[in-house]
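This is work_22.pdb (PDB, C-alpha atoms and all ligand atoms).
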```pdb
ATOM      1  CA  MET A 234     -13.689  15.505   3.413  1.00  0.00           C
ATOM      2  CA  ASN A 235     -14.355  12.662   5.821  1.00  0.00           C
ATOM      3  CA  PHE A 236     -14.625  13.033   9.567  1.00  0.00           C
ATOM      4  CA  SER A 237     -11.104  11.929  10.463  1.00  0.00           C
ATOM      5  CA  ARG A 238      -9.523  14.342   8.007  1.00  0.00           C
ATOM      6  CA  ARG A 239     -11.710  17.207   9.226  1.00  0.00           C
ATOM      7  CA  LYS A 240     -10.893  16.299  12.811  1.00  0.00           C
ATOM      8  CA  PHE A 241      -7.201  16.260  12.038  1.00  0.00           C
ATOM      9  CA  LEU A 242      -7.344  19.652  10.343  1.00  0.00           C
ATOM     10  CA  GLN A 243      -9.155  20.993  13.375  1.00  0.00           C
ATOM     11  CA  LEU A 244      -6.490  19.563  15.700  1.00  0.00           C
ATOM     12  CA  ALA A 245      -3.747  20.868  13.432  1.00  0.00           C
ATOM     13  CA  ALA A 246      -5.268  24.353  13.494  1.00  0.00           C
ATOM     14  CA  MET A 247      -5.467  24.213  17.285  1.00  0.00           C
ATOM     15  CA  ALA A 248      -1.855  23.073  17.478  1.00  0.00           C
ATOM     16  CA  THR A 249      -0.780  25.930  15.249  1.00  0.00           C
ATOM     17  CA  ALA A 250      -2.619  28.248  17.604  1.00  0.00           C
ATOM     18  CA  GLY A 251      -0.628  26.757  20.468  1.00  0.00           C
ATOM     19  CA  PHE A 252      -3.447  24.897  22.215  1.00  0.00           C
ATOM     20  CA  PHE A 253      -1.534  21.712  22.957  1.00  0.00           C
ATOM     21  CA  LEU A 254       2.079  22.663  22.875  1.00  0.00           C
ATOM     22  CA  THR A 255       2.607  24.168  26.287  1.00  0.00           C
ATOM     23  CA  ASP A 256       4.802  21.266  27.310  1.00  0.00           C
ATOM     24  CA  ASN A 257       7.193  19.832  24.725  1.00  0.00           C
ATOM     25  CA  THR A 258       7.808  16.642  26.669  1.00  0.00           C
ATOM     26  CA  ALA A 259       4.130  15.848  26.921  1.00  0.00           C
ATOM     27  CA  SER A 260       3.432  16.644  23.288  1.00  0.00           C
ATOM     28  CA  ALA A 261       6.340  14.459  22.143  1.00  0.00           C
ATOM     29  CA  GLN A 262       5.146  11.631  24.355  1.00  0.00           C
ATOM     30  CA  TYR A 263       1.670  11.616  22.863  1.00  0.00           C
ATOM     31  CA  SER A 264       2.515  12.853  19.383  1.00  0.00           C
ATOM     32  CA  SER A 265       2.025   9.611  17.479  1.00  0.00           C
ATOM     33  CA  GLU A 266      -1.425   9.065  19.030  1.00  0.00           C
ATOM     34  CA  ILE A 267      -2.679  12.603  18.629  1.00  0.00           C
ATOM     35  CA  TRP A 268      -1.158  13.682  15.373  1.00  0.00           C
ATOM     36  CA  GLU A 269      -1.194  10.804  12.963  1.00  0.00           C
ATOM     37  CA  PRO A 270      -2.962  12.029   9.838  1.00  0.00           C
ATOM     38  CA  PRO A 271      -5.505   9.729   8.195  1.00  0.00           C
ATOM     39  CA  ILE A 272      -3.513   7.285   6.067  1.00  0.00           C
ATOM     40  CA  GLU A 273      -5.128   4.702   3.808  1.00  0.00           C
ATOM     41  CA  LYS A 274      -3.482   1.355   4.485  1.00  0.00           C
ATOM     42  CA  LEU A 275      -3.505  -0.711   1.297  1.00  0.00           C
ATOM     43  CA  PHE A 276      -1.735  -3.850   2.584  1.00  0.00           C
ATOM     44  CA  LEU A 277       0.285  -4.201  -0.611  1.00  0.00           C
ATOM     45  CA  PRO A 278       2.243  -7.462  -1.021  1.00  0.00           C
ATOM     46  CA  PHE A 279       6.010  -6.847  -1.041  1.00  0.00           C
ATOM     47  CA  GLY A 280       9.070  -8.895  -1.836  1.00  0.00           C
ATOM     48  CA  GLU A 281      12.046  -8.725   0.490  1.00  0.00           C
ATOM     49  CA  LEU A 282      12.402  -5.462   2.426  1.00  0.00           C
ATOM     50  CA  LYS A 283      15.059  -4.260   4.839  1.00  0.00           C
ATOM     51  CA  ASP A 284      14.473  -2.065   7.850  1.00  0.00           C
ATOM     52  CA  ARG A 285      15.996   1.400   7.780  1.00  0.00           C
ATOM     53  CA  LYS A 286      18.505   1.998  10.588  1.00  0.00           C
ATOM     54  CA  GLU A 287      18.259   5.769  10.534  1.00  0.00           C
ATOM     55  CA  THR A 288      15.814   8.415   9.373  1.00  0.00           C
ATOM     56  CA  GLU A 289      17.334  11.822   8.749  1.00  0.00           C
ATOM     57  CA  ARG A 290      15.542  13.097   5.681  1.00  0.00           C
ATOM     58  CA  ILE A 291      12.157  13.433   4.007  1.00  0.00           C
ATOM     59  CA  VAL A 292      12.286  13.505   0.203  1.00  0.00           C
ATOM     60  CA  ILE A 293       9.424  14.977  -1.805  1.00  0.00           C
ATOM     61  CA  HIS A 294       8.675  13.636  -5.283  1.00  0.00           C
ATOM     62  CA  HIS A 295       6.074  13.973  -7.981  1.00  0.00           C
ATOM     63  CA  ALA A 296       4.844  11.013 -10.007  1.00  0.00           C
ATOM     64  CA  GLY A 297       6.083  12.619 -13.240  1.00  0.00           C
ATOM     65  CA  LEU A 298       2.952  11.851 -15.256  1.00  0.00           C
ATOM     66  CA  ASP A 299      -0.086  14.027 -14.920  1.00  0.00           C
ATOM     67  CA  LYS A 300      -2.436  11.305 -13.735  1.00  0.00           C
ATOM     68  CA  ASP A 301      -3.857  10.518 -10.329  1.00  0.00           C
ATOM     69  CA  TYR A 302      -1.890   7.315  -9.827  1.00  0.00           C
ATOM     70  CA  SER A 303      -2.751   5.291  -6.739  1.00  0.00           C
ATOM     71  CA  ALA A 304      -0.103   3.699  -4.532  1.00  0.00           C
ATOM     72  CA  HIS A 305      -1.466   0.398  -5.809  1.00  0.00           C
ATOM     73  CA  ALA A 306      -0.846   1.358  -9.468  1.00  0.00           C
ATOM     74  CA  ILE A 307       2.682   2.610  -8.687  1.00  0.00           C
ATOM     75  CA  HIS A 308       3.289  -0.567  -6.676  1.00  0.00           C
ATOM     76  CA  LYS A 309       2.411  -2.732  -9.673  1.00  0.00           C
ATOM     77  CA  PHE A 310       4.640  -0.654 -11.946  1.00  0.00           C
ATOM     78  CA  HIS A 311       7.640  -0.713  -9.616  1.00  0.00           C
ATOM     79  CA  ARG A 312       7.235  -4.416  -8.900  1.00  0.00           C
ATOM     80  CA  ASP A 313       6.214  -5.820 -12.285  1.00  0.00           C
ATOM     81  CA  VAL A 314       8.006  -3.464 -14.685  1.00  0.00           C
ATOM     82  CA  ARG A 315      11.014  -2.309 -12.681  1.00  0.00           C
ATOM     83  CA  GLY A 316      11.401  -5.614 -10.825  1.00  0.00           C
ATOM     84  CA  TRP A 317      11.656  -3.990  -7.375  1.00  0.00           C
ATOM     85  CA  SER A 318      10.236  -5.414  -4.138  1.00  0.00           C
ATOM     86  CA  GLY A 319       7.226  -3.139  -4.631  1.00  0.00           C
ATOM     87  CA  ILE A 320       6.433   0.558  -4.597  1.00  0.00           C
ATOM     88  CA  GLY A 321       9.546   2.589  -3.818  1.00  0.00           C
ATOM     89  CA  TYR A 322       7.772   5.470  -2.054  1.00  0.00           C
ATOM     90  CA  HIS A 323       6.548   5.287   1.531  1.00  0.00           C
ATOM     91  CA  TYR A 324       3.547   7.534   0.933  1.00  0.00           C
ATOM     92  CA  VAL A 325       1.487   8.667  -2.046  1.00  0.00           C
ATOM     93  CA  ILE A 326      -0.695  11.778  -1.938  1.00  0.00           C
ATOM     94  CA  ARG A 327      -3.603  11.609  -4.378  1.00  0.00           C
ATOM     95  CA  LYS A 328      -5.155  14.621  -6.093  1.00  0.00           C
ATOM     96  CA  ASP A 329      -8.013  14.773  -3.569  1.00  0.00           C
ATOM     97  CA  GLY A 330      -5.459  14.882  -0.746  1.00  0.00           C
ATOM     98  CA  THR A 331      -5.877  11.257   0.330  1.00  0.00           C
ATOM     99  CA  ILE A 332      -2.648   9.907   1.811  1.00  0.00           C
ATOM    100  CA  GLU A 333      -1.953   6.278   0.894  1.00  0.00           C
ATOM    101  CA  GLN A 334       0.644   4.055   2.540  1.00  0.00           C
ATOM    102  CA  GLY A 335       3.147   2.683   0.052  1.00  0.00           C
ATOM    103  CA  ARG A 336       6.214   0.844   1.328  1.00  0.00           C
ATOM    104  CA  PRO A 337       6.051   0.308   5.123  1.00  0.00           C
ATOM    105  CA  SER A 338       7.419   3.433   6.760  1.00  0.00           C
ATOM    106  CA  GLN A 339      10.292   1.657   8.549  1.00  0.00           C
ATOM    107  CA  ALA A 340      11.541  -0.106   5.383  1.00  0.00           C
ATOM    108  CA  VAL A 341      14.376   1.118   3.177  1.00  0.00           C
ATOM    109  CA  GLY A 342      12.686   2.772   0.203  1.00  0.00           C
ATOM    110  CA  ALA A 343      13.570   2.972  -3.496  1.00  0.00           C
ATOM    111  CA  HIS A 344      13.070   6.603  -4.458  1.00  0.00           C
ATOM    112  CA  ALA A 345      16.356   8.552  -4.310  1.00  0.00           C
ATOM    113  CA  ALA A 346      19.590   6.893  -5.402  1.00  0.00           C
ATOM    114  CA  ASN A 347      22.246   6.770  -2.667  1.00  0.00           C
ATOM    115  CA  HIS A 348      19.852   8.283  -0.125  1.00  0.00           C
ATOM    116  CA  ASN A 349      17.353   5.516   0.509  1.00  0.00           C
ATOM    117  CA  TYR A 350      19.175   4.196   3.562  1.00  0.00           C
ATOM    118  CA  ASN A 351      18.237   7.191   5.703  1.00  0.00           C
ATOM    119  CA  SER A 352      15.192   8.782   4.088  1.00  0.00           C
ATOM    120  CA  ILE A 353      11.436   8.616   3.699  1.00  0.00           C
ATOM    121  CA  GLY A 354       9.952   9.171   0.230  1.00  0.00           C
ATOM    122  CA  ILE A 355       6.653  10.950  -0.380  1.00  0.00           C
ATOM    123  CA  CYS A 356       5.178  10.977  -3.903  1.00  0.00           C
ATOM    124  CA  VAL A 357       2.612  13.629  -4.797  1.00  0.00           C
ATOM    125  CA  THR A 358       0.632  12.460  -7.838  1.00  0.00           C
ATOM    126  CA  GLY A 359       0.885  14.610 -10.948  1.00  0.00           C
ATOM    127  CA  ASN A 360       3.536  16.162 -13.167  1.00  0.00           C
ATOM    128  CA  PHE A 361       4.312  19.503 -11.610  1.00  0.00           C
ATOM    129  CA  ASN A 362       6.466  20.636 -14.483  1.00  0.00           C
ATOM    130  CA  VAL A 363       3.188  21.022 -16.400  1.00  0.00           C
ATOM    131  CA  SER A 364       0.446  21.502 -13.786  1.00  0.00           C
ATOM    132  CA  ASN A 365       0.034  22.766 -10.254  1.00  0.00           C
ATOM    133  CA  PRO A 366      -0.414  20.640  -7.145  1.00  0.00           C
ATOM    134  CA  LYS A 367      -3.955  20.765  -5.741  1.00  0.00           C
ATOM    135  CA  THR A 368      -4.531  22.663  -2.507  1.00  0.00           C
ATOM    136  CA  ALA A 369      -5.679  19.392  -0.891  1.00  0.00           C
ATOM    137  CA  GLN A 370      -2.362  17.798  -1.856  1.00  0.00           C
ATOM    138  CA  ILE A 371      -0.325  20.610  -0.317  1.00  0.00           C
ATOM    139  CA  ASP A 372      -2.469  20.466   2.843  1.00  0.00           C
ATOM    140  CA  SER A 373      -1.909  16.716   3.163  1.00  0.00           C
ATOM    141  CA  LEU A 374       1.797  17.063   2.388  1.00  0.00           C
ATOM    142  CA  LYS A 375       2.094  19.568   5.230  1.00  0.00           C
ATOM    143  CA  MET A 376       0.225  17.333   7.693  1.00  0.00           C
ATOM    144  CA  LEU A 377       2.112  14.207   6.729  1.00  0.00           C
ATOM    145  CA  THR A 378       5.491  15.902   6.831  1.00  0.00           C
ATOM    146  CA  ALA A 379       4.763  17.562  10.182  1.00  0.00           C
ATOM    147  CA  TRP A 380       3.733  14.204  11.625  1.00  0.00           C
ATOM    148  CA  LEU A 381       6.850  12.483  10.242  1.00  0.00           C
ATOM    149  CA  CYS A 382       9.079  15.208  11.720  1.00  0.00           C
ATOM    150  CA  GLN A 383       7.533  14.507  15.106  1.00  0.00           C
ATOM    151  CA  LYS A 384       7.651  10.742  14.689  1.00  0.00           C
ATOM    152  CA  TYR A 385      11.342  10.710  13.704  1.00  0.00           C
ATOM    153  CA  ASN A 386      12.378  13.702  15.797  1.00  0.00           C
ATOM    154  CA  LEU A 387      13.518  15.759  12.796  1.00  0.00           C
ATOM    155  CA  ASN A 388      14.087  19.499  12.719  1.00  0.00           C
ATOM    156  CA  PRO A 389      12.126  20.607   9.635  1.00  0.00           C
ATOM    157  CA  MET A 390      14.311  23.702   9.177  1.00  0.00           C
ATOM    158  CA  GLY A 391      17.522  21.662   9.411  1.00  0.00           C
ATOM    159  CA  ASN A 392      19.807  21.630   6.402  1.00  0.00           C
ATOM    160  CA  GLY A 393      18.787  18.823   4.037  1.00  0.00           C
ATOM    161  CA  VAL A 394      16.039  17.455   6.294  1.00  0.00           C
ATOM    162  CA  ILE A 395      13.038  18.196   4.036  1.00  0.00           C
ATOM    163  CA  VAL A 396      14.183  18.239   0.425  1.00  0.00           C
ATOM    164  CA  GLY A 397      12.997  17.817  -3.134  1.00  0.00           C
ATOM    165  CA  HIS A 398      14.335  14.839  -5.054  1.00  0.00           C
ATOM    166  CA  LYS A 399      16.339  17.208  -7.291  1.00  0.00           C
ATOM    167  CA  ASN A 400      18.396  18.253  -4.277  1.00  0.00           C
ATOM    168  CA  LEU A 401      19.810  14.713  -4.193  1.00  0.00           C
ATOM    169  CA  ASN A 402      19.828  13.314  -7.730  1.00  0.00           C
ATOM    170  CA  LYS A 403      19.980  14.641 -11.288  1.00  0.00           C
ATOM    171  CA  THR A 404      16.245  15.085 -11.986  1.00  0.00           C
ATOM    172  CA  THR A 405      13.610  17.808 -12.243  1.00  0.00           C
ATOM    173  CA  CYS A 406      11.457  15.954  -9.652  1.00  0.00           C
ATOM    174  CA  PRO A 407       9.245  17.174  -7.903  1.00  0.00           C
ATOM    175  CA  GLY A 408       8.648  19.634 -10.735  1.00  0.00           C
ATOM    176  CA  SER A 409       8.947  23.394 -11.085  1.00  0.00           C
ATOM    177  CA  ASN A 410       5.497  24.055  -9.590  1.00  0.00           C
ATOM    178  CA  LEU A 411       5.909  21.902  -6.478  1.00  0.00           C
ATOM    179  CA  TYR A 412       9.584  22.446  -5.681  1.00  0.00           C
ATOM    180  CA  PRO A 413       9.137  26.113  -4.573  1.00  0.00           C
ATOM    181  CA  ARG A 414       6.323  25.047  -2.207  1.00  0.00           C
ATOM    182  CA  ILE A 415       8.742  22.996  -0.079  1.00  0.00           C
ATOM    183  CA  GLU A 416       9.756  26.098   1.853  1.00  0.00           C
ATOM    184  CA  GLU A 417       6.084  26.577   2.790  1.00  0.00           C
ATOM    185  CA  VAL A 418       5.909  22.940   3.931  1.00  0.00           C
ATOM    186  CA  LYS A 419       9.000  23.393   6.104  1.00  0.00           C
ATOM    187  CA  CYS A 420       7.571  26.540   7.736  1.00  0.00           C
ATOM    188  CA  TYR A 421       4.283  24.753   8.412  1.00  0.00           C
ATOM    189  CA  CYS A 422       6.155  21.915  10.123  1.00  0.00           C
ATOM    190  CA  ARG A 423       8.181  24.344  12.211  1.00  0.00           C
ATOM    191  CA  ASP A 424       5.039  26.197  13.336  1.00  0.00           C
ATOM    192  CA  PHE A 425       3.223  22.919  13.942  1.00  0.00           C
ATOM    193  CA  ILE A 426       5.915  21.463  16.174  1.00  0.00           C
ATOM    194  CA  TYR A 427       7.218  24.455  18.093  1.00  0.00           C
TER     195      TYR A 427
HETATM  196 ZN    ZN B 501      11.528  11.858  -7.527  1.00  0.00          ZN
END
```

What's the structure tokens form of this structure?
Amino acid sequence: MNFSRRKFLQLAAMATAGFFLTDNTASAQYSSEIWEPPIEKLFLPFGELKDRKETERIVIHHAGLDKDYSAHAIHKFHRDVRGWSGIGYHYVIRKDGTIEQGRPSQAVGAHAANHNYNSIGICVTGNFNVSNPKTAQIDSLKMLTAWLCQKYNLNPMGNGVIVGHKNLNKTTCPGSNLYPRIEEVKCYCRDFIY
């Protein structure tokens, strides 16, 4: 664990304990500076992208193959094989918990048919129909999702705000071992923000 990640976990623990959240206005004002989790910026080259006009949903995916695919590898696959503008997910969470930036966060993604116009897509690497997500991945998913809820002013407990891909399209994504953990992610976000 590098310093920034450790520091963030420390801050997150303090927030959960209520250290910073005595004044909602102040915490909202400074949230993006204080709470941004460490995110590896890969500066991937994209084709044409459009900006998203609204952000109402966070969609959780798995990669579907039990390998530790990087955002770079998924980017090449989505661009060169699928013919898309580049990686369809906004974030990729590696098996060691590293969060990588995929598509720029304000761009319309390509991860959930009919729902890309108003959602952010997070891909957790692995196939969670056959294996379990790593603790580091769940920890990072919680941090990232909590930060995104603050950034986009989303209520994590709201109906359809934090969902698995299978809630939107006909798929088993994000897998039978990750899907039940979404409730835990939502509760973490609620406790983190309020
Ligand atoms: Zn999916």

Using all atoms listed in the file, which protein or nucleic acid residues are at most 7 Å from ligand ZN 501 (chain B), as a ChimeraX atom specification? /A:293-295,344-345,398,406-407

What would the selection look like, as an NGL selection string, if the PyMOL selection byres (((chain A and resi 415) around 10) and not hetatm) were run on the coordinates I just shared? :A and (293 or 371 or 374-375 or 395-397 or 407 or 411-414 or 416-421)

State, in Å with one decimal place, the distance from atom CA of Leu277 of chain A to atom CA of Asn362 of chain A. 29.1 Å

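Closest to Arg315 of chain A among A:Leu387, A:Ala343, A:Ala369, A:Ile332 is A:Ala343, based on only C-alpha atoms.
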
Residue by residue, what does the PyMOL selection byres (((chain A and resi 366) around 10) and not hetatm) grab here? Present the result as a list in words.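 Selected by the PyMOL selection byres (((chain A and resi 366) around 10) and not hetatm) in this file: His295, Arg327, Lys328, Gly330, Val357, Thr358, Gly359, Asn360, Phe361, Val363, Ser364, Asn365, Lys367, Thr368, Ala369, Gln370, Ile371, Gly408, Asn410, Leu411 and Arg414 of chain A.
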
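Across the structure, atom CA of Val314 of chain A and atom CA of Tyr302 of chain A are spaced 15.4 Å apart.
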
I'd like the interatomic distance between atom CA of Asp313 of chain A and atom CA of Arg336 of chain A, to a tenth of an Å.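 Atom-to-atom, atom CA of Asp313 of chain A and atom CA of Arg336 of chain A are spaced 15.2 Å apart.
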
Could you list the residues chosen by the PyMOL selection byres (((chain A and resi 270) around 7) and not hetatm) in this structure as a PyMOL selection string? chain A and resi 241+268-269+271-272+376-377

Rank nothing, just name the residue among A:Gln383, A:Ser409, A:Ser318, A:Thr378 nearest to Pro337 of chain A, using all atoms listed in the file. A:Ser318
